[in-house]
$ cat upload09.cif   # mmCIF, N, CA and C atoms
data_my_file
#
loop_
_atom_site.group_PDB
_atom_site.id
_atom_site.type_symbol
_atom_site.label_atom_id
_atom_site.label_comp_id
_atom_site.auth_asym_id
_atom_site.auth_seq_id
_atom_site.Cartn_x
_atom_site.Cartn_y
_atom_site.Cartn_z
ATOM 1 N N MET A 1 65.978 135.379 95.943
ATOM 2 C CA MET A 1 67.269 135.673 96.513
ATOM 3 C C MET A 1 68.051 134.381 96.650
ATOM 4 N N GLY A 2 69.319 134.393 96.243
ATOM 5 C CA GLY A 2 70.176 133.230 96.378
ATOM 6 C C GLY A 2 70.755 133.140 97.763
ATOM 7 N N LYS A 3 71.716 132.277 97.908
ATOM 8 C CA LYS A 3 72.374 132.083 99.199
ATOM 9 C C LYS A 3 73.354 133.228 99.450
ATOM 10 N N THR A 4 73.258 133.825 100.646
ATOM 11 C CA THR A 4 74.151 134.911 101.048
ATOM 12 C C THR A 4 74.813 134.521 102.360
ATOM 13 N N ILE A 5 76.126 134.700 102.440
ATOM 14 C CA ILE A 5 76.867 134.386 103.658
ATOM 15 C C ILE A 5 77.641 135.624 104.075
ATOM 16 N N VAL A 6 77.449 136.023 105.344
ATOM 17 C CA VAL A 6 78.138 137.189 105.880
ATOM 18 C C VAL A 6 78.779 136.790 107.203
ATOM 19 N N SER A 7 80.076 137.029 107.328
ATOM 20 C CA SER A 7 80.781 136.749 108.579
ATOM 21 C C SER A 7 80.461 137.844 109.590
ATOM 22 N N LEU A 8 80.286 137.459 110.857
ATOM 23 C CA LEU A 8 80.077 138.445 111.909
ATOM 24 C C LEU A 8 81.384 139.133 112.282
ATOM 25 N N CYS A 9 82.482 138.659 111.719
ATOM 26 C CA CYS A 9 83.798 139.279 111.904
ATOM 27 C C CYS A 9 84.484 139.281 110.542
ATOM 28 N N PRO A 10 84.336 140.352 109.793
ATOM 29 C CA PRO A 10 84.912 140.395 108.447
ATOM 30 C C PRO A 10 86.432 140.231 108.405
ATOM 31 N N ALA A 11 87.110 140.334 109.550
ATOM 32 C CA ALA A 11 88.565 140.231 109.584
ATOM 33 C C ALA A 11 89.069 138.789 109.509
ATOM 34 N N CYS A 12 88.173 137.816 109.683
ATOM 35 C CA CYS A 12 88.639 136.422 109.645
ATOM 36 C C CYS A 12 87.548 135.505 109.109
ATOM 37 N N THR A 13 87.868 134.212 109.020
ATOM 38 C CA THR A 13 86.892 133.231 108.540
ATOM 39 C C THR A 13 86.496 132.240 109.632
ATOM 40 N N ALA A 14 86.970 132.454 110.861
ATOM 41 C CA ALA A 14 86.706 131.516 111.951
ATOM 42 C C ALA A 14 85.515 131.917 112.810
ATOM 43 N N CYS A 15 84.986 133.110 112.621
ATOM 44 C CA CYS A 15 83.894 133.612 113.457
ATOM 45 C C CYS A 15 82.533 133.147 112.941
ATOM 46 N N PRO A 16 81.505 133.253 113.776
ATOM 47 C CA PRO A 16 80.159 132.881 113.347
ATOM 48 C C PRO A 16 79.738 133.675 112.117
ATOM 49 N N GLU A 17 78.777 133.108 111.396
ATOM 50 C CA GLU A 17 78.300 133.774 110.199
ATOM 51 C C GLU A 17 76.787 133.779 110.132
ATOM 52 N N VAL A 18 76.278 134.647 109.292
ATOM 53 C CA VAL A 18 74.857 134.699 108.981
ATOM 54 C C VAL A 18 74.707 134.124 107.583
ATOM 55 N N VAL A 19 73.864 133.093 107.452
ATOM 56 C CA VAL A 19 73.638 132.462 106.160
ATOM 57 C C VAL A 19 72.164 132.621 105.802
ATOM 58 N N ILE A 20 71.909 133.370 104.753
ATOM 59 C CA ILE A 20 70.542 133.531 104.252
ATOM 60 C C ILE A 20 70.420 132.595 103.064
ATOM 61 N N ASP A 21 69.551 131.603 103.203
ATOM 62 C CA ASP A 21 69.412 130.563 102.184
ATOM 63 C C ASP A 21 67.934 130.273 101.967
ATOM 64 N N GLY A 22 67.388 130.871 100.936
ATOM 65 C CA GLY A 22 65.970 130.684 100.651
ATOM 66 C C GLY A 22 65.111 131.299 101.732
ATOM 67 N N ASP A 23 64.277 130.479 102.369
ATOM 68 C CA ASP A 23 63.336 130.966 103.377
ATOM 69 C C ASP A 23 63.879 130.908 104.798
ATOM 70 N N THR A 24 65.147 130.514 104.968
ATOM 71 C CA THR A 24 65.700 130.414 106.309
ATOM 72 C C THR A 24 66.976 131.241 106.447
ATOM 73 N N ILE A 25 67.184 131.706 107.660
ATOM 74 C CA ILE A 25 68.389 132.448 108.003
ATOM 75 C C ILE A 25 69.010 131.744 109.196
ATOM 76 N N ARG A 26 70.268 131.355 109.065
ATOM 77 C CA ARG A 26 70.995 130.688 110.147
ATOM 78 C C ARG A 26 72.056 131.644 110.666
ATOM 79 N N ILE A 27 72.121 131.772 111.988
ATOM 80 C CA ILE A 27 73.110 132.637 112.621
ATOM 81 C C ILE A 27 73.863 131.796 113.640
ATOM 82 N N GLY A 28 75.183 131.761 113.530
ATOM 83 C CA GLY A 28 75.987 131.044 114.508
ATOM 84 C C GLY A 28 76.983 130.110 113.873
ATOM 85 N N GLU A 29 77.395 129.128 114.662
ATOM 86 C CA GLU A 29 78.372 128.145 114.201
ATOM 87 C C GLU A 29 78.203 126.841 114.970
ATOM 88 N N ASP A 30 78.589 125.763 114.351
ATOM 89 C CA ASP A 30 78.550 124.428 114.940
ATOM 90 C C ASP A 30 77.203 124.154 115.620
ATOM 91 N N GLU A 31 77.236 123.858 116.923
ATOM 92 C CA GLU A 31 76.002 123.544 117.650
ATOM 93 C C GLU A 31 75.291 124.788 118.161
ATOM 94 N N ASN A 32 75.890 125.946 118.019
ATOM 95 C CA ASN A 32 75.318 127.206 118.510
ATOM 96 C C ASN A 32 74.706 127.983 117.350
ATOM 97 N N ILE A 33 73.596 127.478 116.849
ATOM 98 C CA ILE A 33 72.954 128.090 115.683
ATOM 99 C C ILE A 33 71.498 128.395 116.003
ATOM 100 N N VAL A 34 71.065 129.563 115.587
ATOM 101 C CA VAL A 34 69.648 129.900 115.634
ATOM 102 C C VAL A 34 69.160 129.952 114.187
ATOM 103 N N VAL A 35 67.972 129.425 113.948
ATOM 104 C CA VAL A 35 67.398 129.425 112.610
ATOM 105 C C VAL A 35 66.132 130.273 112.639
ATOM 106 N N LEU A 36 66.086 131.268 111.771
ATOM 107 C CA LEU A 36 64.930 132.158 111.667
ATOM 108 C C LEU A 36 64.265 131.987 110.312
ATOM 109 N N LYS A 37 62.966 132.173 110.283
ATOM 110 C CA LYS A 37 62.231 132.243 109.019
ATOM 111 C C LYS A 37 62.287 133.683 108.532
ATOM 112 N N LYS A 38 61.918 133.916 107.280
ATOM 113 C CA LYS A 38 61.962 135.269 106.715
ATOM 114 C C LYS A 38 61.217 136.282 107.580
ATOM 115 N N ALA A 39 60.015 135.947 108.025
ATOM 116 C CA ALA A 39 59.210 136.884 108.821
ATOM 117 C C ALA A 39 59.912 137.230 110.132
ATOM 118 N N GLU A 40 60.521 136.247 110.776
ATOM 119 C CA GLU A 40 61.244 136.495 112.036
ATOM 120 C C GLU A 40 62.472 137.377 111.786
ATOM 121 N N TRP A 41 63.189 137.102 110.717
ATOM 122 C CA TRP A 41 64.347 137.916 110.344
ATOM 123 C C TRP A 41 63.916 139.358 110.101
ATOM 124 N N ASN A 42 62.826 139.530 109.386
ATOM 125 C CA ASN A 42 62.346 140.880 109.070
ATOM 126 C C ASN A 42 61.952 141.647 110.326
ATOM 127 N N ILE A 43 61.396 140.955 111.329
ATOM 128 C CA ILE A 43 61.078 141.603 112.601
ATOM 129 C C ILE A 43 62.357 142.068 113.278
ATOM 130 N N LEU A 44 63.384 141.239 113.254
ATOM 131 C CA LEU A 44 64.673 141.606 113.837
ATOM 132 C C LEU A 44 65.271 142.818 113.120
ATOM 133 N N VAL A 45 65.270 142.803 111.807
ATOM 134 C CA VAL A 45 65.806 143.926 111.023
ATOM 135 C C VAL A 45 65.008 145.195 111.314
ATOM 136 N N ASP A 46 63.681 145.096 111.346
ATOM 137 C CA ASP A 46 62.839 146.265 111.641
ATOM 138 C C ASP A 46 63.157 146.841 113.019
ATOM 139 N N ALA A 47 63.354 145.962 114.010
ATOM 140 C CA ALA A 47 63.654 146.420 115.369
ATOM 141 C C ALA A 47 65.002 147.147 115.416
ATOM 142 N N ILE A 48 65.955 146.680 114.655
ATOM 143 C CA ILE A 48 67.269 147.344 114.607
ATOM 144 C C ILE A 48 67.146 148.688 113.899
ATOM 145 N N GLN A 49 66.493 148.692 112.753
ATOM 146 C CA GLN A 49 66.379 149.922 111.972
ATOM 147 C C GLN A 49 65.546 150.989 112.668
ATOM 148 N N SER A 50 64.570 150.575 113.466
ATOM 149 C CA SER A 50 63.717 151.545 114.158
ATOM 150 C C SER A 50 64.365 152.077 115.445
ATOM 151 N N GLY A 51 65.458 151.468 115.866
ATOM 152 C CA GLY A 51 66.127 151.905 117.076
ATOM 153 C C GLY A 51 65.690 151.160 118.333
ATOM 154 N N GLN A 52 64.747 150.203 118.200
ATOM 155 C CA GLN A 52 64.330 149.413 119.362
ATOM 156 C C GLN A 52 65.477 148.545 119.854
ATOM 157 N N LEU A 53 66.330 148.099 118.940
ATOM 158 C CA LEU A 53 67.521 147.330 119.279
ATOM 159 C C LEU A 53 68.738 148.096 118.787
ATOM 160 N N GLY A 54 69.769 148.073 119.573
ATOM 161 C CA GLY A 54 70.993 148.773 119.194
ATOM 162 C C GLY A 54 72.188 148.085 119.785
ATOM 163 N N ARG A 55 73.283 148.754 119.747
ATOM 164 C CA ARG A 55 74.527 148.206 120.296
ATOM 165 C C ARG A 55 74.397 147.968 121.789
ATOM 166 N N VAL A 56 75.100 146.942 122.267
ATOM 167 C CA VAL A 56 75.136 146.656 123.704
ATOM 168 C C VAL A 56 76.543 146.805 124.220
#

$ encode --input "upload09.cif" --output "structure tokens"
Amino acid sequence: MGKTIVSLCPACTACPEVVIDGDTIRIGEDENIVVLKKAEWNILVDAIQSGQLGRV
């Protein structure tokens, strides 16, 4: 998989983004960034898809 960038606000370019780049996923902007490995990202996706995590 190549580099994928998704804005958390598709209406603009100033909002935080999710960057999937190789084995790491970065979420956030500037100094407010969390970095996940593939396995951690997959746990997050599974929790969302299974309904364990949802909208707040």

$ select_by_dssp --input "upload09.cif" --residues "chain A" --states "alpha helix (DSSP H)" --output "list in words"
Lys38, Ala39, Glu40, Trp41, Asn42, Ile43, Leu44, Val45, Asp46, Ala47, Ile48, Gln49 and Ser50 of chain A

$ resolve_selection --input "upload09.cif" --expression "the PyMOL selection byres ((chain A and resi 24) around 7)" --output "short mmCIF file (atom, residue, chain, number, x, y, z; two decimals) with N, CA and C atoms, in the coordinates of the input"
data_model
loop_
_atom_site.label_atom_id
_atom_site.label_comp_id
_atom_site.auth_asym_id
_atom_site.auth_seq_id
_atom_site.Cartn_x
_atom_site.Cartn_y
_atom_site.Cartn_z
N VAL A 19 73.86 133.09 107.45
CA VAL A 19 73.64 132.46 106.16
C VAL A 19 72.16 132.62 105.80
N ILE A 20 71.91 133.37 104.75
CA ILE A 20 70.54 133.53 104.25
C ILE A 20 70.42 132.60 103.06
N ASP A 21 69.55 131.60 103.20
CA ASP A 21 69.41 130.56 102.18
C ASP A 21 67.93 130.27 101.97
N GLY A 22 67.39 130.87 100.94
CA GLY A 22 65.97 130.68 100.65
C GLY A 22 65.11 131.30 101.73
N ASP A 23 64.28 130.48 102.37
CA ASP A 23 63.34 130.97 103.38
C ASP A 23 63.88 130.91 104.80
N ILE A 25 67.18 131.71 107.66
CA ILE A 25 68.39 132.45 108.00
C ILE A 25 69.01 131.74 109.20
N ARG A 26 70.27 131.35 109.06
CA ARG A 26 71.00 130.69 110.15
C ARG A 26 72.06 131.64 110.67
N VAL A 35 67.97 129.43 113.95
CA VAL A 35 67.40 129.43 112.61
C VAL A 35 66.13 130.27 112.64
N LEU A 36 66.09 131.27 111.77
CA LEU A 36 64.93 132.16 111.67
C LEU A 36 64.26 131.99 110.31
N LYS A 37 62.97 132.17 110.28
CA LYS A 37 62.23 132.24 109.02
C LYS A 37 62.29 133.68 108.53
N LYS A 38 61.92 133.92 107.28
CA LYS A 38 61.96 135.27 106.72
C LYS A 38 61.22 136.28 107.58
#

$ select_by_dssp --input "upload09.cif" --residues "chain A" --states "strand (DSSP E or B)" --output "MDAnalysis selection string"
chainID A and resid 4:7 17:21 24:29 32:37

$ write_last_selection --input "upload09.cif" --atoms "N, CA and C atoms" --output "CSV table (one decimal), keeping the file's coordinate frame"
chain,number,residue,atom,x,y,z
A,4,THR,N,73.3,133.8,100.6
A,4,THR,CA,74.2,134.9,101.0
A,4,THR,C,74.8,134.5,102.4
A,5,ILE,N,76.1,134.7,102.4
A,5,ILE,CA,76.9,134.4,103.7
A,5,ILE,C,77.6,135.6,104.1
A,6,VAL,N,77.4,136.0,105.3
A,6,VAL,CA,78.1,137.2,105.9
A,6,VAL,C,78.8,136.8,107.2
A,7,SER,N,80.1,137.0,107.3
A,7,SER,CA,80.8,136.7,108.6
A,7,SER,C,80.5,137.8,109.6
A,17,GLU,N,78.8,133.1,111.4
A,17,GLU,CA,78.3,133.8,110.2
A,17,GLU,C,76.8,133.8,110.1
A,18,VAL,N,76.3,134.6,109.3
A,18,VAL,CA,74.9,134.7,109.0
A,18,VAL,C,74.7,134.1,107.6
A,19,VAL,N,73.9,133.1,107.5
A,19,VAL,CA,73.6,132.5,106.2
A,19,VAL,C,72.2,132.6,105.8
A,20,ILE,N,71.9,133.4,104.8
A,20,ILE,CA,70.5,133.5,104.3
A,20,ILE,C,70.4,132.6,103.1
A,21,ASP,N,69.6,131.6,103.2
A,21,ASP,CA,69.4,130.6,102.2
A,21,ASP,C,67.9,130.3,102.0
A,24,THR,N,65.1,130.5,105.0
A,24,THR,CA,65.7,130.4,106.3
A,24,THR,C,67.0,131.2,106.4
A,25,ILE,N,67.2,131.7,107.7
A,25,ILE,CA,68.4,132.4,108.0
A,25,ILE,C,69.0,131.7,109.2
A,26,ARG,N,70.3,131.4,109.1
A,26,ARG,CA,71.0,130.7,110.1
A,26,ARG,C,72.1,131.6,110.7
A,27,ILE,N,72.1,131.8,112.0
A,27,ILE,CA,73.1,132.6,112.6
A,27,ILE,C,73.9,131.8,113.6
A,28,GLY,N,75.2,131.8,113.5
A,28,GLY,CA,76.0,131.0,114.5
A,28,GLY,C,77.0,130.1,113.9
A,29,GLU,N,77.4,129.1,114.7
A,29,GLU,CA,78.4,128.1,114.2
A,29,GLU,C,78.2,126.8,115.0
A,32,ASN,N,75.9,125.9,118.0
A,32,ASN,CA,75.3,127.2,118.5
A,32,ASN,C,74.7,128.0,117.4
A,33,ILE,N,73.6,127.5,116.8
A,33,ILE,CA,73.0,128.1,115.7
A,33,ILE,C,71.5,128.4,116.0
A,34,VAL,N,71.1,129.6,115.6
A,34,VAL,CA,69.6,129.9,115.6
A,34,VAL,C,69.2,130.0,114.2
A,35,VAL,N,68.0,129.4,113.9
A,35,VAL,CA,67.4,129.4,112.6
A,35,VAL,C,66.1,130.3,112.6
A,36,LEU,N,66.1,131.3,111.8
A,36,LEU,CA,64.9,132.2,111.7
A,36,LEU,C,64.3,132.0,110.3
A,37,LYS,N,63.0,132.2,110.3
A,37,LYS,CA,62.2,132.2,109.0
A,37,LYS,C,62.3,133.7,108.5

$ resolve_selection --input "upload09.cif" --expression "the PyMOL selection byres (((chain A and resi 15 and name CA) around 12) and name CA)" --output "PDB file with N, CA and C atoms, in the frame of the given file"
ATOM      1  N   VAL A   6      77.449 136.023 105.344  1.00  0.00           N
ATOM      2  CA  VAL A   6      78.138 137.189 105.880  1.00  0.00           C
ATOM      3  C   VAL A   6      78.779 136.790 107.203  1.00  0.00           C
ATOM      4  N   SER A   7      80.076 137.029 107.328  1.00  0.00           N
ATOM      5  CA  SER A   7      80.781 136.749 108.579  1.00  0.00           C
ATOM      6  C   SER A   7      80.461 137.844 109.590  1.00  0.00           C
ATOM      7  N   LEU A   8      80.286 137.459 110.857  1.00  0.00           N
ATOM      8  CA  LEU A   8      80.077 138.445 111.909  1.00  0.00           C
ATOM      9  C   LEU A   8      81.384 139.133 112.282  1.00  0.00           C
ATOM     10  N   CYS A   9      82.482 138.659 111.719  1.00  0.00           N
ATOM     11  CA  CYS A   9      83.798 139.279 111.904  1.00  0.00           C
ATOM     12  C   CYS A   9      84.484 139.281 110.542  1.00  0.00           C
ATOM     13  N   PRO A  10      84.336 140.352 109.793  1.00  0.00           N
ATOM     14  CA  PRO A  10      84.912 140.395 108.447  1.00  0.00           C
ATOM     15  C   PRO A  10      86.432 140.231 108.405  1.00  0.00           C
ATOM     16  N   ALA A  11      87.110 140.334 109.550  1.00  0.00           N
ATOM     17  CA  ALA A  11      88.565 140.231 109.584  1.00  0.00           C
ATOM     18  C   ALA A  11      89.069 138.789 109.509  1.00  0.00           C
ATOM     19  N   CYS A  12      88.173 137.816 109.683  1.00  0.00           N
ATOM     20  CA  CYS A  12      88.639 136.422 109.645  1.00  0.00           C
ATOM     21  C   CYS A  12      87.548 135.505 109.109  1.00  0.00           C
ATOM     22  N   THR A  13      87.868 134.212 109.020  1.00  0.00           N
ATOM     23  CA  THR A  13      86.892 133.231 108.540  1.00  0.00           C
ATOM     24  C   THR A  13      86.496 132.240 109.632  1.00  0.00           C
ATOM     25  N   ALA A  14      86.970 132.454 110.861  1.00  0.00           N
ATOM     26  CA  ALA A  14      86.706 131.516 111.951  1.00  0.00           C
ATOM     27  C   ALA A  14      85.515 131.917 112.810  1.00  0.00           C
ATOM     28  N   PRO A  16      81.505 133.253 113.776  1.00  0.00           N
ATOM     29  CA  PRO A  16      80.159 132.881 113.347  1.00  0.00           C
ATOM     30  C   PRO A  16      79.738 133.675 112.117  1.00  0.00           C
ATOM     31  N   GLU A  17      78.777 133.108 111.396  1.00  0.00           N
ATOM     32  CA  GLU A  17      78.300 133.774 110.199  1.00  0.00           C
ATOM     33  C   GLU A  17      76.787 133.779 110.132  1.00  0.00           C
ATOM     34  N   VAL A  18      76.278 134.647 109.292  1.00  0.00           N
ATOM     35  CA  VAL A  18      74.857 134.699 108.981  1.00  0.00           C
ATOM     36  C   VAL A  18      74.707 134.124 107.583  1.00  0.00           C
ATOM     37  N   ILE A  27      72.121 131.772 111.988  1.00  0.00           N
ATOM     38  CA  ILE A  27      73.110 132.637 112.621  1.00  0.00           C
ATOM     39  C   ILE A  27      73.863 131.796 113.640  1.00  0.00           C
ATOM     40  N   GLY A  28      75.183 131.761 113.530  1.00  0.00           N
ATOM     41  CA  GLY A  28      75.987 131.044 114.508  1.00  0.00           C
ATOM     42  C   GLY A  28      76.983 130.110 113.873  1.00  0.00           C
ATOM     43  N   GLU A  29      77.395 129.128 114.662  1.00  0.00           N
ATOM     44  CA  GLU A  29      78.372 128.145 114.201  1.00  0.00           C
ATOM     45  C   GLU A  29      78.203 126.841 114.970  1.00  0.00           C
ATOM     46  N   ASP A  30      78.589 125.763 114.351  1.00  0.00           N
ATOM     47  CA  ASP A  30      78.550 124.428 114.940  1.00  0.00           C
ATOM     48  C   ASP A  30      77.203 124.154 115.620  1.00  0.00           C
ATOM     49  N   ASN A  32      75.890 125.946 118.019  1.00  0.00           N
ATOM     50  CA  ASN A  32      75.318 127.206 118.510  1.00  0.00           C
ATOM     51  C   ASN A  32      74.706 127.983 117.350  1.00  0.00           C
TER      52      ASN A  32
END

$ axis_aligned_box --input "upload09.cif" --around "segment 16-34 of chain A" --padding-each-side "6 Å" --output "JSON"
{"center_x": 72.4, "center_y": 129.1, "center_z": 109.6, "size_x": 30.2, "size_y": 23.2, "size_z": 29.9}

$ atom_distance --input "upload09.cif" --atom1 "atom CA of Asn42 of chain A" --atom2 "atom CA of Val56 of chain A"
20.3 Å

$ atom_distance --input "upload09.cif" --atom1 "atom C of Glu40 of chain A" --atom2 "atom CA of Leu53 of chain A"
13.4 Å

$ atom_distance --input "upload09.cif" --atom1 "atom CA of Gly2 of chain A" --atom2 "atom N of Ile43 of chain A"
19.0 Å

$ decode --input "upload09.cif" --residues "chain A" --atoms "C-alpha atoms" --output "JSON list (two decimals), in the first residue's frame"
[["chain", "number", "residue", "atom", "x", "y", "z"],
["A", 1, "MET", "CA", 0.00, 0.00, 0.00],
["A", 2, "GLY", "CA", 1.31, 3.45, -0.90],
["A", 3, "LYS", "CA", 0.89, 6.66, 1.01],
["A", 4, "THR", "CA", -2.74, 7.63, 1.67],
["A", 5, "ILE", "CA", -3.84, 10.97, 3.12],
["A", 6, "VAL", "CA", -7.38, 11.62, 4.31],
["A", 7, "SER", "CA", -8.55, 14.90, 5.85],
["A", 8, "LEU", "CA", -10.74, 14.61, 8.95],
["A", 9, "CYS", "CA", -12.71, 17.50, 7.44],
["A", 10, "PRO", "CA", -13.18, 16.99, 3.71],
["A", 11, "ALA", "CA", -14.52, 20.56, 3.40],
["A", 12, "CYS", "CA", -11.10, 22.16, 3.92],
["A", 13, "THR", "CA", -7.34, 21.59, 3.98],
["A", 14, "ALA", "CA", -6.62, 23.13, 7.40],
["A", 15, "CYS", "CA", -8.00, 20.30, 9.57],
["A", 16, "PRO", "CA", -6.09, 17.32, 10.97],
["A", 17, "GLU", "CA", -5.47, 14.41, 8.66],
["A", 18, "VAL", "CA", -4.86, 10.69, 8.72],
["A", 19, "VAL", "CA", -1.69, 9.68, 6.88],
["A", 20, "ILE", "CA", -1.15, 6.00, 6.15],
["A", 21, "ASP", "CA", 2.45, 5.59, 5.06],
["A", 22, "GLY", "CA", 3.87, 2.10, 4.93],
["A", 23, "ASP", "CA", 3.76, 0.51, 8.39],
["A", 24, "THR", "CA", 2.72, 3.66, 10.26],
["A", 25, "ILE", "CA", -0.45, 5.69, 10.54],
["A", 26, "ARG", "CA", -0.27, 9.29, 11.76],
["A", 27, "ILE", "CA", -3.38, 11.09, 12.98],
["A", 28, "GLY", "CA", -3.36, 14.78, 13.84],
["A", 29, "GLU", "CA", -1.43, 17.91, 13.04],
["A", 30, "ASP", "CA", 1.70, 19.77, 14.13],
["A", 31, "GLU", "CA", 2.62, 18.72, 17.69],
["A", 32, "ASN", "CA", -0.71, 16.92, 18.26],
["A", 33, "ILE", "CA", 0.00, 13.68, 16.44],
["A", 34, "VAL", "CA", -0.55, 10.07, 17.40],
["A", 35, "VAL", "CA", 1.41, 7.41, 15.53],
["A", 36, "LEU", "CA", -0.02, 3.90, 15.24],
["A", 37, "LYS", "CA", 1.48, 0.73, 13.81],
["A", 38, "LYS", "CA", -0.58, -1.39, 11.41],
["A", 39, "ALA", "CA", -1.70, -3.80, 14.16],
["A", 40, "GLU", "CA", -2.85, -0.92, 16.40],
["A", 41, "TRP", "CA", -4.71, 0.70, 13.50],
["A", 42, "ASN", "CA", -6.42, -2.59, 12.69],
["A", 43, "ILE", "CA", -7.59, -2.92, 16.32],
["A", 44, "LEU", "CA", -9.09, 0.56, 16.10],
["A", 45, "VAL", "CA", -10.82, -0.22, 12.79],
["A", 46, "ASP", "CA", -12.14, -3.54, 14.17],
["A", 47, "ALA", "CA", -13.53, -1.78, 17.26],
["A", 48, "ILE", "CA", -15.35, 0.76, 15.08],
["A", 49, "GLN", "CA", -16.71, -1.82, 12.66],
["A", 50, "SER", "CA", -17.88, -4.13, 15.46],
["A", 51, "GLY", "CA", -19.76, -1.31, 17.18],
["A", 52, "GLN", "CA", -17.51, -1.19, 20.28],
["A", 53, "LEU", "CA", -16.64, 2.38, 19.28],
["A", 54, "GLY", "CA", -19.06, 4.79, 17.71],
["A", 55, "ARG", "CA", -19.99, 8.41, 17.46],
["A", 56, "VAL", "CA", -19.68, 10.58, 20.56]]
